[in-house]
Amino acid sequence: MRKIKTLIQHSMIIEVVFLLLYFTALTLLFTRPMVTKLSTHTVGGYGDNHYFMWIIGWTKQALFEIGQSPHKSFLLNFPYNYQLALTEIAPLQILIALPFAWIFDNTVLGYNIAMLSTFVLSGLTMYYWVKHLTDLSLASLVASTAYAFLPYHIAHMLSGHLNLVAIQWLPLFFWGFIEILDKRNFAWKSVILMCVGLSGIALSSQYYLFMTLFITLIVFVGYLIQKRFDIGWMRWKQLVISGLLALPASLVGSIPYYFVHQGSGTGRPLTDVIRYSASLSDYLLPFTKSFIAGRWVSRHFQRDLWGEATLYLGLPILTLAIYAIWNSRLKEKTMKWRLITVIALIALVLSMGTNLVWMEQPVVVTTPAWLRELIHQDTFYVYLPGYLLYRFFPFYNIMRAWMRYGIIVMVAICALAGYGVSLILKRTMHPYQKPAGIFLLFLVILDFSVTPLNLVEIKPRAVDKWLTKQPFGAQVQLPLAQSFEQRTIYATLTNQKPLIGQMNTYPSHRYFQLEPMLRNFPDHASVEKLREEDITYILVDSSEIDFMQMDYRALNLDFAGSYDGYDVFIIQD
């Protein structure tokens with residue numbers, strides 16, 4: 001008996017080591033050439049990556065250099081300070097990045113490792129869920145490879161969305177939730193899986209938290225109705241315990257939404273919601289970075305929103321999932337697969353937003369003559385269930401990118417694809433099972449393979465190096481909109497001069513207060529306003545404002561020099 005246990009333990013260790021090496025190797029392949037410049041470059045361009053790197057750097061500074069809580073920063077929104085809880089923080093992702101940023105004193109390195117870790121962790125969580133469902137390692141490897149390297153995953157990495165790449169927690173949550181609904185007996189494993197999954201989601205992305213809970217609510221209500229509200233005490237007990245254990249993390253994840261939206265009209269306009277709604281074409285068109293079809297897609301289809309609209313499910317994975325649904329006849333697991341299928345369908349409908357969209361454009365139908373007399377419109381939109389949710393469900397209209405529901409579609413489709421592989425392998429003669437599984441794995445990797453990713457170097461500007469050596473004082477970058485850009489925000493980590501701007505996730509009241517007063521800069525009124533705000537340094541983008549033609553001395557300003565396109569002035573006392 002001991003020998004058997006030892007063999008099982010050894011095989012489990014070997015499996016874990018293999019999976020870690022396998023997913024790490026594929027991560028380096030899919031994100032090439034990122035590994036060669038982990039400490040100096042990030043993939044994609046300049047955008048949200050700067051914001052998340054700023055959070056990592058500020059958290060490191062607050063905890064290890066200043067010795068204070070990082071929830072409020074003096075570097076932004078001068079002179080009032082900036083509350084980090086006003087937008088998505090992704091604390092769990094920051095926690096993964098922080099040790100590397102601190103030990104190596106390199107924010108870029110910490111950010112990159114946090115990004116790359118999501119690929120390995122996503123593969124592991126999906127692998128063990130599908131293995132639990134199918135008992136087949138090869139089927140689990142196919143499903144988990146697809147999930148870890150989804151084009152959606154790569155696209156949000158390129159967009160710098162450190163929060164949205166954290167898809168590793170979703171399989172754990174749905175694993176626990178579905179097990180609880182499927183079995184009457186109490187199981188701590190299911191409770192812990194659901195709790196850990198929900199906590200991880202809550203501490204990574206507010207979007208994922210809201211969407212996961214909303215879909216779970218729909219599925220659970222439907223389940224209650226089907227069971228005529230008789231689901232047994234043990235199921236209620238497990239759900240309540242899971243919810244209570246995950247409550248602290250869920251509250252932390254909800255705080256930003258609460259602060260931003262309490263009592264204010266921050267709902268998204270319908271035009272935004274329609275623009276960021278998914279269409280079936282988004283699920284069918286390959287990624288624009290696809291090694292095989294990317295250039296062809298870019299030439300022939302409108303993919304302006306590729307950063308959000310990359311929802312490609314993959315031809316092999318979609319085919320395997322459809323095969324699984326069509327051939328689902330395992331009696332003891334029918335309920336699980338039905339639940340997974342229902343989750344996929346609900347998420348698909350919700351991802352399509354308020355109106356039917358095709359190729360990033362809303363579908364407009366010409367009104368038939370008989371109907372025109374009733375509605376008095378020549379054309380009309382095709383409304384979807386999301387329209388009612390947008391109009392009437394609390395907080396639903398604060399979401400912009402409803403197409404992000406697509407990741408939950410992908411969770412379910414990848415799991416179903418794993419089931420499809422298991423059905424194929426079980427119906428394949430034994431000598432051919434492994435080659436068949438490896439062939440399917442190869443098809444998935446080939447279908448999702450991408451061209452080398454673009455890298456951008458993250459380094460201080462010349463003006464930031466100059467500011468670092470100057471006495472403490474607040475700064476503004478003009479035109480004012482640049483003071484609210486993420487690159488300018490990130491620069492405060494280097495120059496350590498408080499910025500009048502802040503993260504502008506939603507139109508900032510602060511921006512609208514200042515912009516009319518600084519719009520005519522350089523004039524006496526704008527300079528006096530900056531003096532009232534106790535600003536010391538004015539960084540002027542010389543390509544936007546030709547300030548050198550003005551008599552700056554008449555405005556009581558000292559010219560400090562020009563640095564890589566920025567003219568710097570100091571306000572005299």
# chains A, B, ... in the order shown; residues from 1 in each chain; ligands from 1
>>> residues_around(residues="range 450-464 of chain A", least_positions_apart="6", cutoff="8 Å", atoms="only C-alpha atoms", output="ChimeraX atom specification")
/A:30-34,40-46,108,289-292,491-492,494-495,563-564,566
>>> residues_around(residues="Leu136 in chain A", least_positions_apart="3", cutoff="10 Å", atoms="only C-alpha atoms", output="ChimeraX atom specification")
/A:127,130-133,139-141,418-419,421-422,425-426
>>> residues_around(residues="range 387-401 of chain A", least_positions_apart="2", cutoff="9 Å", atoms="only C-alpha atoms", output="ChimeraX atom specification")
/A:207,210,257,261,266-270,272-278,308,351,353-355,383-385,403-405
>>> write_last_selection(atoms="C-alpha atoms", output="compact mmCIF listing (two decimals), in the first residue's frame")
# COMPACT_ATOMS: atom_id res chain seq x y z
CA TYR A 207 -15.30 43.27 -14.83
CA PHE A 210 -19.45 41.38 -11.98
CA TYR A 257 -17.08 50.48 -8.37
CA HIS A 261 -20.42 55.21 -9.15
CA THR A 266 -21.54 57.46 -14.65
CA GLY A 267 -23.54 55.06 -16.79
CA ARG A 268 -22.14 54.46 -20.24
CA PRO A 269 -24.01 55.97 -23.20
CA LEU A 270 -25.73 53.43 -25.43
CA ASP A 272 -20.41 53.13 -26.26
CA VAL A 273 -22.14 49.91 -25.28
CA ILE A 274 -23.04 49.10 -28.88
CA ARG A 275 -19.50 49.85 -30.05
CA TYR A 276 -18.01 47.44 -27.51
CA SER A 277 -20.52 44.64 -28.02
CA ALA A 278 -19.42 41.37 -29.57
CA GLU A 308 -11.25 44.04 -27.19
CA SER A 351 -21.34 39.43 -24.71
CA GLY A 353 -24.64 43.59 -25.72
CA THR A 354 -27.82 45.54 -26.30
CA ASN A 355 -28.08 45.28 -30.09
CA TYR A 383 -32.45 44.54 -29.72
CA LEU A 384 -31.07 41.76 -27.52
CA PRO A 385 -31.77 40.83 -23.86
CA MET A 403 -17.68 41.71 -25.20
CA ARG A 404 -15.49 40.78 -22.22
CA TYR A 405 -18.18 38.25 -21.33
>>> residues_around(residues="range 531-537 of chain A", least_positions_apart="6", cutoff="8 Å", atoms="only C-alpha atoms", output="JSON, numbers by chain")
{"A": [79, 473, 474, 475, 476, 500, 568, 569, 570, 571, 572]}
>>> atom_distance(atom1="CA of Pro479 in chain A", atom2="CA of Thr87 in chain A")
23.6 Å
>>> closest_residue(among="A:Ser11, A:Thr379, A:Thr107, A:Gln361", to="Thr59 in chain A", atoms="only C-alpha atoms")
A:Thr107
>>> residues_around(residues="Ser159 in chain A", least_positions_apart="3", cutoff="8 Å", atoms="only C-alpha atoms", output="VMD selection string")
chain A and resid 44 to 45 47 to 49 155 to 156 307
>>> select_by_dssp(residues="range 204-407 of chain A", states="strand (DSSP E or B)", output="PyMOL selection string")
chain A and resi 290+355+357-358+361-362+364-366+379-381+383
>>> select_by_dssp(residues="range 245-463 of chain A", states="alpha helix (DSSP H)", output="number ranges by chain")
A: 245-261, 270-275, 280-284, 294-300, 306-309, 315-326, 334-351, 369-375, 385-392, 406-426, 430-448, 462-463
>>> residues_around(residues="Leu19 in chain A", least_positions_apart="3", cutoff="10 Å", atoms="only C-alpha atoms", output="ChimeraX atom specification")
/A:13-16,22-25,120,123-124,127,141
>>> closest_residue(among="A:Gly232, A:Gly243, A:Gly160, A:Pro70", to="Phe173 in chain A", atoms="only C-alpha atoms")
A:Gly243
>>> atom_distance(atom1="CA of Met126 in chain A", atom2="CA of Leu109 in chain A")
26.3 Å
>>> residues_around(residues="Ala324 in chain A", least_positions_apart="4", cutoff="7 Å", atoms="only C-alpha atoms", output="PDB file with C-alpha atoms, in the first residue's frame")
ATOM      1  CA  LEU A 320     -14.292  19.661 -30.611  1.00  0.00           C
ATOM      2  CA  SER A 328     -22.835  14.059 -24.692  1.00  0.00           C
ATOM      3  CA  LEU A 416     -16.211  21.180 -23.671  1.00  0.00           C
ATOM      4  CA  ALA A 417     -13.387  20.773 -26.181  1.00  0.00           C
ATOM      5  CA  TYR A 419     -14.567  16.522 -23.287  1.00  0.00           C
ATOM      6  CA  GLY A 420     -14.705  16.232 -27.058  1.00  0.00           C
TER       7      GLY A 420
END
>>> closest_residue(among="A:Leu86, A:Ile322, A:Ile215, A:Ile225", to="Ile343 in chain A", atoms="only C-alpha atoms")
A:Ile215
